[in-house]
Every structure is written in C-alpha cells, then in structure tokens.
file model_1.tsv (TSV, C-alpha atoms)
chain	number	residue	atom	x	y	z
A	1	MET	CA	56.53	106.70	85.02
A	2	GLU	CA	59.65	108.36	86.40
A	3	ILE	CA	62.38	109.10	83.85
A	4	LYS	CA	65.75	108.47	85.46
A	5	ASN	CA	68.56	110.94	84.82
A	6	TYR	CA	71.53	108.68	84.19
A	7	LYS	CA	73.60	111.65	83.08
A	8	LYS	CA	73.62	112.71	86.72
A	9	THR	CA	74.93	109.25	87.58
A	10	LEU	CA	77.69	109.58	84.99
A	11	ILE	CA	78.78	113.01	86.23
A	12	THR	CA	78.78	111.75	89.81
A	13	CYS	CA	80.99	108.85	88.75
A	14	TYR	CA	83.34	111.29	87.00
A	15	ILE	CA	83.69	113.13	90.31
A	16	GLY	CA	84.16	109.76	91.99
A	17	PHE	CA	87.28	109.13	89.92
A	18	ILE	CA	88.44	112.69	90.63
A	19	THR	CA	88.08	111.84	94.32
A	20	GLN	CA	90.25	108.78	93.81
A	21	ALA	CA	92.82	110.97	92.06
A	22	ILE	CA	92.83	113.30	95.07
A	23	VAL	CA	93.40	110.63	97.71
A	24	ALA	CA	95.93	108.73	95.60
A	25	ASN	CA	98.05	111.70	94.54
A	26	PHE	CA	97.83	114.51	97.09
A	27	THR	CA	99.93	112.79	99.76
A	28	PRO	CA	102.80	111.87	97.39
A	29	LEU	CA	103.24	115.60	96.74
A	30	LEU	CA	104.19	115.85	100.42
A	31	PHE	CA	106.74	113.02	100.59
A	32	LEU	CA	109.74	115.32	100.85
A	33	ARG	CA	107.82	117.63	103.19
A	34	PHE	CA	107.17	114.70	105.54
A	35	HIS	CA	110.86	113.80	105.28
A	36	ALA	CA	111.91	117.32	106.30
A	37	GLU	CA	109.12	118.30	108.74
A	38	PHE	CA	108.74	115.00	110.60
A	39	ASN	CA	112.26	113.62	110.03
A	40	ILE	CA	110.86	110.40	108.53
A	41	PRO	CA	113.40	108.34	106.51
A	42	ILE	CA	112.72	107.96	102.79
A	43	ALA	CA	112.32	104.17	103.04
A	44	GLN	CA	109.63	104.61	105.73
A	45	ILE	CA	107.87	107.23	103.62
A	46	ALA	CA	107.66	104.56	100.90
A	47	LEU	CA	105.40	102.65	103.31
A	48	ILE	CA	102.70	105.25	102.61
A	49	SER	CA	102.24	103.98	99.06
A	50	THR	CA	102.63	100.35	100.11
A	51	VAL	CA	99.94	100.60	102.81
A	52	PHE	CA	97.64	102.50	100.45
A	53	TYR	CA	97.64	99.73	97.84
A	54	ILE	CA	97.58	96.87	100.33
A	55	VAL	CA	94.40	98.32	101.83
A	56	GLN	CA	92.94	98.55	98.32
A	57	ILE	CA	93.74	94.85	97.83
A	58	LEU	CA	91.85	94.00	101.01
A	59	VAL	CA	88.93	96.15	99.85
A	60	ASP	CA	88.90	94.20	96.55
A	61	VAL	CA	88.43	91.00	98.55
A	62	PHE	CA	85.75	92.59	100.69
A	63	CYS	CA	83.82	93.83	97.68
A	64	ALA	CA	83.87	90.42	96.00
A	65	LYS	CA	82.21	88.90	99.08
A	66	PHE	CA	79.91	91.55	100.56
A	67	VAL	CA	79.01	94.38	98.15
A	68	ASP	CA	76.00	92.56	96.68
A	69	ARG	CA	74.64	91.96	100.18
A	70	ILE	CA	75.19	95.51	101.42
A	71	GLY	CA	74.18	97.26	98.21
A	72	TYR	CA	76.03	99.43	95.70
A	73	ARG	CA	74.58	102.72	96.90
A	74	LYS	CA	75.56	102.31	100.54
A	75	CYS	CA	79.08	101.18	99.59
A	76	VAL	CA	79.73	103.94	97.06
A	77	VAL	CA	78.46	106.62	99.48
A	78	ALA	CA	80.81	105.13	102.06
A	79	SER	CA	83.64	105.44	99.53
A	80	GLN	CA	83.21	109.21	99.45
A	81	ILE	CA	82.81	109.62	103.21
A	82	THR	CA	85.91	107.58	104.06
A	83	SER	CA	87.90	109.49	101.42
A	84	ALA	CA	86.94	112.79	103.02
A	85	VAL	CA	87.55	111.60	106.58
A	86	GLY	CA	90.96	110.24	105.61
A	87	LEU	CA	92.04	113.56	104.12
A	88	ILE	CA	90.90	115.47	107.20
A	89	SER	CA	92.68	112.95	109.45
A	90	LEU	CA	95.87	113.52	107.48
A	91	ALA	CA	95.74	117.17	108.50
A	92	PHE	CA	95.49	116.45	112.25
A	93	LEU	CA	96.55	112.91	113.28
A	94	PRO	CA	100.31	113.21	112.58
A	95	SER	CA	100.52	116.12	115.04
A	96	LEU	CA	98.24	114.51	117.64
A	97	LEU	CA	100.00	111.14	117.86
A	98	PRO	CA	103.48	110.67	119.34
A	99	THR	CA	104.59	108.77	116.22
A	100	ARG	CA	104.17	111.01	113.18
A	101	LEU	CA	104.34	108.16	110.66
A	102	LEU	CA	101.59	106.28	112.52
A	103	GLY	CA	99.27	109.25	112.19
A	104	ILE	CA	99.96	109.46	108.47
A	105	LEU	CA	99.45	105.71	107.96
A	106	ILE	CA	96.14	105.66	109.87
A	107	SER	CA	94.88	108.46	107.62
A	108	VAL	CA	96.12	106.59	104.57
A	109	VAL	CA	94.23	103.46	105.64
A	110	ILE	CA	90.99	105.44	106.01
A	111	TYR	CA	91.11	107.13	102.62
A	112	ALA	CA	92.51	104.01	100.93
A	113	VAL	CA	89.27	102.24	101.88
A	114	GLY	CA	87.43	104.94	99.96
A	115	SER	CA	89.77	104.69	97.00
A	116	GLY	CA	89.41	100.92	96.87
A	117	LEU	CA	85.62	101.12	96.93
A	118	ILE	CA	85.70	103.70	94.14
A	119	GLU	CA	87.96	101.48	92.05
A	120	VAL	CA	85.64	98.49	92.36
A	121	LEU	CA	82.20	100.17	92.25
A	122	VAL	CA	82.25	103.13	89.87
A	123	SER	CA	82.92	101.21	86.64
A	124	PRO	CA	80.10	98.65	87.09
A	125	ILE	CA	77.71	101.45	88.11
A	126	VAL	CA	78.34	103.17	84.78
A	127	GLU	CA	78.30	99.83	82.94
A	128	ALA	CA	74.81	99.16	84.29
A	129	CYS	CA	73.45	102.48	82.98
A	130	PRO	CA	71.62	102.34	79.62
A	131	PHE	CA	74.15	104.39	77.62
A	132	GLU	CA	74.94	103.86	73.96
A	133	ASN	CA	78.56	103.35	72.89
A	134	LYS	CA	79.56	101.87	76.25
A	135	GLY	CA	83.19	101.55	75.18
A	136	SER	CA	83.53	105.28	74.57
A	137	VAL	CA	81.67	106.11	77.79
A	138	MET	CA	83.93	103.85	79.85
A	139	SER	CA	87.08	105.16	78.19
A	140	LEU	CA	86.10	108.74	78.99
A	141	LEU	CA	85.18	107.72	82.53
A	142	HIS	CA	88.65	106.29	83.25
A	143	SER	CA	90.36	109.31	81.72
A	144	PHE	CA	88.82	111.45	84.47
A	145	TYR	CA	91.24	109.91	86.94
A	146	CYS	CA	94.09	111.33	84.85
A	147	TRP	CA	92.51	114.76	84.57
A	148	GLY	CA	91.82	114.62	88.29
A	149	VAL	CA	95.52	114.09	88.93
A	150	VAL	CA	96.34	117.11	86.77
A	151	GLY	CA	93.86	119.21	88.75
A	152	VAL	CA	95.14	117.97	92.11
A	153	VAL	CA	98.75	118.75	91.26
A	154	PHE	CA	98.03	122.12	89.63
A	155	VAL	CA	95.70	123.43	92.35
A	156	SER	CA	97.87	122.10	95.18
A	157	THR	CA	101.01	123.60	93.64
A	158	LEU	CA	99.27	126.95	93.18
A	159	PHE	CA	98.13	126.84	96.81
A	160	PHE	CA	101.63	126.00	98.06
A	161	SER	CA	103.14	128.79	95.94
A	162	LEU	CA	100.68	131.38	97.29
A	163	PHE	CA	100.40	130.31	100.92
A	164	GLY	CA	103.46	128.11	101.53
A	165	ILE	CA	104.00	124.36	101.75
A	166	GLU	CA	103.80	124.62	105.55
A	167	ASN	CA	100.03	125.11	105.16
A	168	TRP	CA	99.52	121.74	103.49
A	169	ARG	CA	97.04	120.75	106.24
A	170	ILE	CA	94.60	123.42	105.04
A	171	MET	CA	94.86	122.09	101.48
A	172	ALA	CA	94.08	118.57	102.70
A	173	CYS	CA	90.88	119.83	104.35
A	174	LEU	CA	89.88	121.78	101.24
A	175	TRP	CA	90.26	118.68	99.06
A	176	ALA	CA	88.00	116.78	101.49
A	177	ILE	CA	85.09	119.00	100.39
A	178	VAL	CA	84.93	117.23	96.99
A	179	PRO	CA	84.08	113.73	98.29
A	180	PHE	CA	81.79	115.11	101.00
A	181	ILE	CA	79.65	116.80	98.34
A	182	ASN	CA	79.80	113.77	96.06
A	183	ALA	CA	78.56	111.51	98.86
A	184	TYR	CA	75.26	113.37	98.60
A	185	ASN	CA	75.31	113.05	94.79
A	186	PHE	CA	75.69	109.26	95.05
A	187	SER	CA	72.86	109.11	97.59
A	188	ILE	CA	70.32	110.55	95.11
A	189	CYS	CA	71.48	109.61	91.59
A	190	PRO	CA	69.99	106.56	89.79
A	191	ILE	CA	72.03	103.39	90.38
A	192	GLU	CA	71.26	100.13	88.59
A	193	ARG	CA	72.77	96.66	88.95
A	194	LEU	CA	74.43	94.65	86.23
A	195	ALA	CA	71.96	92.14	84.78
A	196	GLU	CA	74.15	89.05	84.80
A	197	GLU	CA	75.34	87.83	88.18
A	198	GLY	CA	76.82	84.54	89.35
A	199	LYS	CA	77.53	83.17	85.86
A	200	GLY	CA	81.30	83.53	85.86
A	201	MET	CA	84.08	81.25	87.02
A	202	THR	CA	84.80	80.92	90.72
A	203	PRO	CA	88.10	82.12	92.21
A	204	LYS	CA	89.11	78.49	92.74
A	205	GLU	CA	88.52	77.71	89.06
A	206	LEU	CA	90.53	80.75	87.99
A	207	LEU	CA	93.43	79.91	90.27
A	208	SER	CA	93.67	76.47	88.68
A	209	LYS	CA	94.27	77.96	85.19
A	210	PRO	CA	97.95	78.56	84.27
A	211	ALA	CA	96.93	81.38	81.91
A	212	PHE	CA	95.33	83.24	84.80
A	213	TRP	CA	98.68	83.55	86.56
A	214	VAL	CA	100.17	85.12	83.43
A	215	PHE	CA	97.38	87.69	83.50
A	216	ILE	CA	98.14	88.40	87.17
A	217	LEU	CA	101.82	88.97	86.28
A	218	LEU	CA	100.66	91.30	83.52
A	219	MET	CA	98.58	93.32	85.99
A	220	ILE	CA	101.42	93.40	88.53
A	221	GLY	CA	103.74	94.76	85.84
A	222	ALA	CA	101.12	97.30	84.75
A	223	GLY	CA	100.34	98.49	88.27
A	224	ALA	CA	103.99	98.73	89.31
A	225	SER	CA	105.12	100.48	86.11
A	226	GLU	CA	102.46	103.16	86.54
A	227	ALA	CA	102.57	103.69	90.30
A	228	SER	CA	106.36	103.65	90.69
A	229	MET	CA	106.84	106.66	88.44
A	230	ALA	CA	103.59	108.38	89.40
A	231	GLN	CA	104.22	108.21	93.16
A	232	TRP	CA	107.84	109.35	92.97
A	233	ALA	CA	107.68	111.77	90.02
A	234	SER	CA	107.51	114.92	92.14
A	235	ALA	CA	110.34	113.87	94.45
A	236	PHE	CA	112.46	112.68	91.51
A	237	VAL	CA	112.16	115.91	89.53
A	238	GLU	CA	112.87	117.94	92.66
A	239	SER	CA	115.74	115.99	94.22
A	240	ALA	CA	117.42	114.16	91.34
A	241	LEU	CA	117.02	116.82	88.65
A	242	GLY	CA	117.37	119.87	90.87
A	243	PHE	CA	114.11	121.66	90.06
A	244	SER	CA	112.13	123.65	92.62
A	245	LYS	CA	109.18	122.14	94.53
A	246	SER	CA	106.61	123.97	92.38
A	247	ILE	CA	108.25	123.04	89.09
A	248	GLY	CA	108.79	119.51	90.34
A	249	ASP	CA	105.09	119.05	91.06
A	250	LEU	CA	103.88	120.64	87.82
A	251	ILE	CA	106.32	118.94	85.48
A	252	GLY	CA	106.53	115.64	87.36
A	253	PRO	CA	103.15	114.13	88.33
A	254	CYS	CA	101.10	116.75	86.48
A	255	MET	CA	102.64	116.15	83.06
A	256	PHE	CA	102.82	112.43	83.81
A	257	ALA	CA	99.06	112.33	84.38
A	258	ALA	CA	98.33	114.54	81.36
A	259	THR	CA	100.26	112.29	78.97
A	260	MET	CA	98.65	109.21	80.56
A	261	GLY	CA	95.21	110.68	79.95
A	262	LEU	CA	96.17	111.62	76.39
A	263	SER	CA	97.23	108.02	75.73
A	264	ARG	CA	93.85	106.72	76.92
A	265	LEU	CA	91.91	109.25	74.87
A	266	LEU	CA	93.90	108.51	71.71
A	267	TYR	CA	93.47	104.77	72.04
A	268	GLY	CA	89.79	105.23	72.84
A	269	LYS	CA	89.38	107.10	69.54
A	270	PHE	CA	91.73	105.20	67.24
A	271	GLY	CA	92.10	101.87	69.03
A	272	HIS	CA	89.93	100.05	66.51
A	273	LYS	CA	92.76	100.51	64.00
A	274	ILE	CA	95.48	99.08	66.24
A	275	LYS	CA	96.05	95.60	67.67
A	276	LEU	CA	95.86	95.97	71.44
A	277	LEU	CA	98.66	93.49	72.14
A	278	ASN	CA	101.00	95.29	69.74
A	279	PHE	CA	100.12	98.66	71.29
A	280	MET	CA	100.74	97.22	74.76
A	281	LEU	CA	104.08	95.75	73.66
A	282	GLY	CA	105.19	99.06	72.19
A	283	SER	CA	104.04	100.86	75.34
A	284	GLY	CA	106.05	98.45	77.50
A	285	ALA	CA	109.17	99.07	75.41
A	286	LEU	CA	108.67	102.84	75.63
A	287	CYS	CA	108.18	102.56	79.40
A	288	LEU	CA	111.47	100.66	79.73
A	289	ILE	CA	113.26	103.35	77.73
A	290	CYS	CA	111.70	106.06	79.92
A	291	TYR	CA	112.89	104.44	83.13
A	292	LEU	CA	116.39	104.13	81.67
A	293	MET	CA	116.31	107.79	80.63
A	294	THR	CA	115.46	108.90	84.16
A	295	ALA	CA	118.08	106.61	85.69
A	296	ILE	CA	121.19	107.01	83.55
A	297	SER	CA	120.87	110.31	81.71
A	298	SER	CA	123.45	112.88	82.79
A	299	ARG	CA	121.33	115.76	81.48
A	300	PRO	CA	118.26	116.82	83.50
A	301	ILE	CA	116.24	117.55	80.36
A	302	PHE	CA	116.42	113.90	79.27
A	303	GLY	CA	115.52	112.66	82.73
A	304	LEU	CA	112.57	115.05	82.72
A	305	LEU	CA	111.50	113.90	79.26
A	306	GLY	CA	111.67	110.28	80.41
A	307	CYS	CA	109.40	111.06	83.36
A	308	ILE	CA	106.82	112.82	81.15
A	309	LEU	CA	106.82	110.22	78.35
A	310	CYS	CA	106.46	107.45	80.92
A	311	GLY	CA	102.93	108.73	81.55
A	312	PHE	CA	102.04	108.16	77.90
A	313	SER	CA	103.61	104.69	77.95
A	314	VAL	CA	101.63	103.48	80.99
A	315	GLY	CA	98.28	104.98	79.92
A	316	ILE	CA	97.03	101.83	78.20
A	317	MET	CA	98.62	99.34	80.59
A	318	TRP	CA	95.94	98.95	83.29
A	319	PRO	CA	92.79	99.09	81.08
A	320	GLY	CA	94.57	97.20	78.30
A	321	SER	CA	95.63	94.42	80.65
A	322	ILE	CA	92.03	93.97	81.76
A	323	SER	CA	90.81	93.87	78.14
A	324	ILE	CA	93.45	91.34	77.14
A	325	SER	CA	92.67	89.11	80.12
A	326	SER	CA	88.89	89.21	79.69
A	327	ALA	CA	89.19	88.45	75.97
A	328	ARG	CA	91.08	85.25	76.75
A	329	MET	CA	88.94	84.25	79.72
A	330	PRO	CA	85.44	85.38	78.68
A	331	MET	CA	83.81	83.28	81.43
A	332	GLY	CA	85.99	84.82	84.14
A	333	GLY	CA	83.12	86.96	85.41
A	334	THR	CA	83.25	89.14	88.50
A	335	ALA	CA	85.93	87.01	90.16
A	336	LEU	CA	88.32	87.63	87.27
A	337	PHE	CA	87.92	91.42	87.46
A	338	ALA	CA	88.28	91.42	91.26
A	339	LEU	CA	91.46	89.34	91.17
A	340	LEU	CA	92.91	91.39	88.31
A	341	ALA	CA	92.32	94.52	90.39
A	342	MET	CA	94.16	92.85	93.26
A	343	GLY	CA	97.05	92.03	90.95
A	344	GLY	CA	97.27	95.63	89.78
A	345	ASP	CA	97.08	96.94	93.34
A	346	LEU	CA	99.75	94.45	94.41
A	347	GLY	CA	102.08	95.79	91.72
A	348	ALA	CA	101.22	99.35	92.68
A	349	SER	CA	102.10	98.60	96.31
A	350	ILE	CA	105.39	96.84	95.53
A	351	GLY	CA	106.70	99.27	92.90
A	352	PRO	CA	107.01	102.55	94.88
A	353	SER	CA	108.39	100.64	97.86
A	354	VAL	CA	111.14	99.13	95.72
A	355	ILE	CA	112.04	102.59	94.40
A	356	GLY	CA	112.21	103.96	97.96
A	357	ILE	CA	114.35	101.12	99.31
A	358	PHE	CA	116.89	101.26	96.50
A	359	THR	CA	116.98	105.06	96.75
A	360	GLN	CA	117.80	104.96	100.47
A	361	ASN	CA	120.38	102.19	100.05
A	362	ALA	CA	122.13	104.40	97.48
A	363	ASN	CA	122.38	107.32	99.94
A	364	ASP	CA	119.08	108.90	98.82
A	365	ASN	CA	120.08	108.72	95.15
A	366	MET	CA	116.76	108.56	93.31
A	367	LYS	CA	118.39	107.66	90.00
A	368	ALA	CA	119.45	104.35	91.54
A	369	GLY	CA	115.85	103.79	92.62
A	370	MET	CA	114.57	104.49	89.11
A	371	LEU	CA	117.11	102.08	87.65
A	372	ALA	CA	115.72	99.34	89.89
A	373	GLY	CA	112.27	100.15	88.52
A	374	ILE	CA	113.10	98.81	85.06
A	375	VAL	CA	112.16	95.35	86.31
A	376	PHE	CA	108.47	96.28	86.12
A	377	PRO	CA	108.15	97.16	82.42
A	378	ILE	CA	110.35	94.13	81.69
A	379	LEU	CA	107.86	91.94	83.58
A	380	LEU	CA	105.01	93.44	81.57
A	381	ILE	CA	106.81	92.86	78.25
A	382	VAL	CA	107.54	89.23	79.13
A	383	ALA	CA	103.90	88.61	80.12
A	384	ILE	CA	102.64	90.19	76.88
A	385	CYS	CA	104.96	88.02	74.80
A	386	ILE	CA	103.74	84.87	76.57
A	387	ILE	CA	100.13	85.88	75.96
A	388	LYS	CA	100.78	86.85	72.35
A	389	PHE	CA	102.41	83.56	71.36
A	390	PHE	CA	100.99	80.96	73.75
A	391	ILE	CA	97.53	82.01	74.95
A	392	PRO	CA	94.87	82.20	72.22
A	393	SER	CA	92.00	84.66	72.35
A	394	SER	CA	88.31	84.10	71.72
A	395	LYS	CA	88.11	87.65	70.38
A	396	HIS	CA	90.10	89.80	68.03
A	397	ASP	CA	92.59	92.06	69.74
A	398	THR	CA	91.25	95.43	68.78

call {"tool": "encode", "arguments": {"input": "model_1.tsv", "output": "structure tokens"}}
result
Amino acid sequence: MEIKNYKKTLITCYIGFITQAIVANFTPLLFLRFHAEFNIPIAQIALISTVFYIVQILVDVFCAKFVDRIGYRKCVVASQITSAVGLISLAFLPSLLPTRLLGILISVVIYAVGSGLIEVLVSPIVEACPFENKGSVMSLLHSFYCWGVVGVVFVSTLFFSLFGIENWRIMACLWAIVPFINAYNFSICPIERLAEEGKGMTPKELLSKPAFWVFILLMIGAGASEASMAQWASAFVESALGFSKSIGDLIGPCMFAATMGLSRLLYGKFGHKIKLLNFMLGSGALCLICYLMTAISSRPIFGLLGCILCGFSVGIMWPGSISISSARMPMGGTALFALLAMGGDLGASIGPSVIGIFTQNANDNMKAGMLAGIVFPILLIVAICIIKFFIPSSKHDT
C-alpha cells in the first residue's frame, strides 16, 4: 500500500500562499512608478487594487459552483499557471497596448484569477490532510502569506536598489518562476477531499438570516482595514513621510506584513487564553488609532509607527472574522465560507480605492486618504459589538 507524503502537500500549499503574496503585493510596489512612467493618475492606479479584488470575488462564486465538478487538482494547478502568466503579462502588455492602464489591468485580471483560486482551494486542501493539531497547522499555513509579503518586498527592493526601478519588468518575470515550479508540485502531491459535502446551509438560507449580514459587514471591515494600509503603505511612506523608495518599501509593506504575521503567530500560540471577540475588539481599536496616527501626526516617525503597528492590528481580523462567524453559524457549511471570502474581498476592493480617490481629491495628499480610511476599522468595531451583545454563539470564543 502506497504511503502518501502529505508533508509535500503542506509545503506546496505554503508556496501557494507565497505565490498569492507575490501577485497581491508586487504590483503595489510599483504604483508610483506607474504614475511617473506611464503618467497614470493616482485615482486610476487605485483601480488596480479594485479590479484585483473584484476578480477574486467572481472566482469565489465560480469555485462555489464548479470546483467540485472540475476537481481540486486541476483548479489549484491552474491557480499557479494563471499567477505566473499574469506576472509575465505585466512585464510586456503595458508597453504593447496603446493604453498603458489597460495592459496593466488585463495582467491583473489574469493573476487575480490565480490568487482567487489559491484563496479558496489551499486551506481546504490542507484541512483534508490527516495532520494532528489542525488548528496549529492552519495558523502556520496562513502566516506564510505574511512571510511571503516580507520576502517579496525585501527581494524586490534589493533588486531595485542594485539594478534600478526601471528594470521592474525583469523582476516580474523572475517572480513568475515561483508559481510555474509550484504548478508541477501541485500536479504530483497527494490531494484529498473534505469528507463532509453538501450538509451546510444554502446561500439562499444564509441570505435570509439577519446575523449573516452582520458577519458580512465584519468581513468587509476586516478586508478593507487590512488592504487599504497594505496596498498603499509603500506609497504613503515614500510620498507623505518623505522617505526614499527603498526605505518606503522596506519599512512600509515589509514591516506591515511582518507585524501582521507576528500577530497571527502569537494568537495561534496563546489564543486559548484570550477571548477572540475581545482580542478582535482591541485590534479594531488599535487599527483605528493607527489610521489616525498616519493621517494627523505632524511627525513622520509617528506616521511610520502607525503604519507598522497597523499590520499587527489587522493580523487577526480576517481569520478571526471567519472563526467568529462559523462559531455562530455552525451549519453554514461551504456556502458560508465562500460568501465570507466574497465579503472580505469586497472590502479589500473598496478600501484602497477609497484611499486613492480621497488622496487625489486632496491634491495627492495621502494623509487625507488615510483619514478617510478610519471608516473601515470603525465598521469592524461596530460589527463586533453587535455580535458580542446580540448574536449568541454555540461555542466558546477562544
């Protein structure tokens, strides 16, 4: 009897989340470069993030309907191939098409399909593997996205420092190597299916529950709070605080991702001692303070500190929101997780766009954009309070 090597599956899934970190965070490092090289207005550049997350929302819908028919292996291999093709397209399409922004957006659509498939497929693939201490395994799995962001920012910044930002197309092609290799890994590693299927609530049943809409608001607040700062961190540190491009990338998104990963690791280790709702509420309050620090502080050091600490504050928001929602709707099933992912992606698409619009309307003043962003942690805090006092749980909030 063949002994399956599920450790290979786990490592491949780690790389899968690193791939998602590449496609989600490499392009934002180039926002100001696109603005200068292609003369694209800041508000239009914000469309890059909006399109990215809207495509992920559509992929969530697709996965809910067709993944079981197509098969997990084919879909997850496709996630890596489309990620790689999108990165390569980013290097060439903007220069080949008469409209630079169109070339960028087409590339974004291609690799966003890959990112969306990764988001939906990798977690259940690991969940179906016969590992002990699933909670710890899943927590470590999701932290790899954060460490992937750190690697993307650090390596890209080093490359730009050595060879110049004008060679960003070469870096995009180099990053495409990671998903191309991992496509092969997914084609040969053991992949199982979750045992229970078709036992959860239908989307129609979920939509009829008032509590479900509170959970969607929670996910929108979580997704927007995280993505708004993450997507604009590099540009904010560079333009609003006056740091160089290299320092802006390292201290902005790199430190943001590192503190976000640290938050997830700490809660994964000590979370059994803390009430999740209370931790989420405190994180929401810290996130609000961080946005205010970036927006109104007259000293760059405090704005920088707000950007870095914001990563820690949002670390628990996305996974915590899913845990809170599933604890209160234990029969939600696959439909619940798919719709929660859509809610998070919706928030992640709206948030950066709002920052960009308010920034442009204030004559490219990013502090004004960050001030507008306080609405997202406020939305999260309000949703948590409603859940805490009005929606009972069938489980203890651990």

call {"tool": "atom_distance", "arguments": {"input": "model_1.tsv", "atom1": "CA of Gly311 (chain A)", "atom2": "CA of Ala257 (chain A)"}}
result
6.0 Å

call {"tool": "closest_residue", "arguments": {"input": "model_1.tsv", "among": "A:Ile104, A:Ala43, A:Ile387, A:Ala230", "to": "Ala362 (chain A)", "atoms": "only C-alpha atoms"}}
result
A:Ala43

call {"tool": "atom_distance", "arguments": {"input": "model_1.tsv", "atom1": "CA of Phe312 (chain A)", "atom2": "CA of Ala235 (chain A)"}}
result
19.4 Å

call {"tool": "atom_distance", "arguments": {"input": "model_1.tsv", "atom1": "CA of Phe376 (chain A)", "atom2": "CA of Gly351 (chain A)"}}
result
7.6 Å

call {"tool": "closest_residue", "arguments": {"input": "model_1.tsv", "among": "A:Leu162, A:Val113, A:Leu262, A:Ala335", "to": "Val150 (chain A)", "atoms": "all atoms listed in the file"}}
result
A:Leu262

call {"tool": "closest_atom_pairs", "arguments": {"input": "model_1.tsv", "of": "region 56-153 of chain A", "to": "region 168-187 of chain A", "cutoff": "12 Å", "atoms": "only C-alpha atoms", "output": "Markdown table"}}
result
| residue | atom | partner | partner_atom | distance |
| --- | --- | --- | --- | --- |
| A:Gly71 | CA | A:Ser187 | CA | 11.9 |
| A:Tyr72 | CA | A:Phe186 | CA | 9.9 |
| A:Arg73 | CA | A:Ser187 | CA | 6.7 |
| A:Lys74 | CA | A:Ser187 | CA | 7.9 |
| A:Cys75 | CA | A:Phe186 | CA | 9.9 |
| A:Val76 | CA | A:Phe186 | CA | 7.0 |
| A:Val77 | CA | A:Ala183 | CA | 4.9 |
| A:Ala78 | CA | A:Ala183 | CA | 7.5 |
| A:Ser79 | CA | A:Ala183 | CA | 7.9 |
| A:Gln80 | CA | A:Pro179 | CA | 4.7 |
| A:Ile81 | CA | A:Phe180 | CA | 6.0 |
| A:Thr82 | CA | A:Pro179 | CA | 8.6 |
| A:Ser83 | CA | A:Pro179 | CA | 6.5 |
| A:Ala84 | CA | A:Ala176 | CA | 4.4 |
| A:Val85 | CA | A:Ala176 | CA | 7.3 |
| A:Gly86 | CA | A:Ala176 | CA | 8.3 |
| A:Leu87 | CA | A:Ala172 | CA | 5.6 |
| A:Ile88 | CA | A:Cys173 | CA | 5.2 |
| A:Ser89 | CA | A:Cys173 | CA | 8.8 |
| A:Leu90 | CA | A:Ala172 | CA | 7.2 |
| A:Ala91 | CA | A:Arg169 | CA | 4.4 |
| A:Phe92 | CA | A:Arg169 | CA | 7.6 |
| A:Leu93 | CA | A:Arg169 | CA | 10.5 |
| A:Pro94 | CA | A:Arg169 | CA | 10.4 |
| A:Ser95 | CA | A:Arg169 | CA | 10.5 |
| A:Ile104 | CA | A:Arg169 | CA | 11.9 |
| A:Ser107 | CA | A:Ala172 | CA | 11.3 |
| A:Tyr111 | CA | A:Ala176 | CA | 10.2 |
| A:Gly114 | CA | A:Pro179 | CA | 9.6 |
| A:Ser115 | CA | A:Pro179 | CA | 10.8 |
| A:Ile118 | CA | A:Pro179 | CA | 11.0 |
| A:Leu121 | CA | A:Phe186 | CA | 11.5 |
| A:Val122 | CA | A:Phe186 | CA | 10.4 |
| A:Ile125 | CA | A:Phe186 | CA | 10.6 |
| A:Gly148 | CA | A:Val178 | CA | 11.4 |
| A:Gly151 | CA | A:Trp175 | CA | 10.9 |
| A:Val152 | CA | A:Trp175 | CA | 8.5 |
| A:Val153 | CA | A:Met171 | CA | 11.4 |

call {"tool": "residues_around", "arguments": {"input": "model_1.tsv", "residues": "Asn278 (chain A)", "least_positions_apart": "2", "cutoff": "12 Å", "atoms": "only C-alpha atoms", "output": "NGL selection string"}}
result
:A and (271 or 273-276 or 280-285 or 316-317 or 320 or 324 or 381 or 384-385 or 387-389 or 397-398)

call {"tool": "residues_near_point", "arguments": {"input": "model_1.tsv", "point": "(81.2, 101.4, 86.1)", "cutoff": "12 Å", "atoms": "all atoms listed in the file", "output": "compact mmCIF listing (two decimals) with C-alpha atoms, in the coordinates of the input"}}
result
# COMPACT_ATOMS: atom_id res chain seq x y z
CA THR A 9 74.93 109.25 87.58
CA LEU A 10 77.69 109.58 84.99
CA ILE A 11 78.78 113.01 86.23
CA THR A 12 78.78 111.75 89.81
CA CYS A 13 80.99 108.85 88.75
CA TYR A 14 83.34 111.29 87.00
CA GLY A 16 84.16 109.76 91.99
CA PHE A 17 87.28 109.13 89.92
CA TYR A 72 76.03 99.43 95.70
CA VAL A 76 79.73 103.94 97.06
CA LEU A 117 85.62 101.12 96.93
CA ILE A 118 85.70 103.70 94.14
CA GLU A 119 87.96 101.48 92.05
CA VAL A 120 85.64 98.49 92.36
CA LEU A 121 82.20 100.17 92.25
CA VAL A 122 82.25 103.13 89.87
CA SER A 123 82.92 101.21 86.64
CA PRO A 124 80.10 98.65 87.09
CA ILE A 125 77.71 101.45 88.11
CA VAL A 126 78.34 103.17 84.78
CA GLU A 127 78.30 99.83 82.94
CA ALA A 128 74.81 99.16 84.29
CA CYS A 129 73.45 102.48 82.98
CA PRO A 130 71.62 102.34 79.62
CA PHE A 131 74.15 104.39 77.62
CA LYS A 134 79.56 101.87 76.25
CA GLY A 135 83.19 101.55 75.18
CA VAL A 137 81.67 106.11 77.79
CA MET A 138 83.93 103.85 79.85
CA SER A 139 87.08 105.16 78.19
CA LEU A 140 86.10 108.74 78.99
CA LEU A 141 85.18 107.72 82.53
CA HIS A 142 88.65 106.29 83.25
CA ILE A 191 72.03 103.39 90.38
CA GLU A 192 71.26 100.13 88.59
CA ARG A 193 72.77 96.66 88.95
CA LEU A 194 74.43 94.65 86.23

call {"tool": "residues_around", "arguments": {"input": "model_1.tsv", "residues": "Met293 (chain A)", "least_positions_apart": "4", "cutoff": "6 Å", "atoms": "all atoms listed in the file", "output": "PyMOL selection string"}}
result
chain A and resi 297+303+306

call {"tool": "closest_residue", "arguments": {"input": "model_1.tsv", "among": "A:Ala46, A:Ile350, A:Ile22, A:Leu371", "to": "Ala224 (chain A)", "atoms": "only C-alpha atoms"}}
result
A:Ile350

call {"tool": "closest_residue", "arguments": {"input": "model_1.tsv", "among": "A:Ile301, A:Met201, A:Leu292, A:Ala24", "to": "Ala348 (chain A)", "atoms": "all atoms listed in the file"}}
result
A:Ala24

call {"tool": "closest_residue", "arguments": {"input": "model_1.tsv", "among": "A:Ala211, A:Ile355, A:Cys290, A:Ile110", "to": "Ala227 (chain A)", "atoms": "only C-alpha atoms"}}
result
A:Ile355

call {"tool": "closest_residue", "arguments": {"input": "model_1.tsv", "among": "A:Pro28, A:Pro392, A:Gly315, A:Pro98", "to": "Gly268 (chain A)", "atoms": "all atoms listed in the file"}}
result
A:Gly315
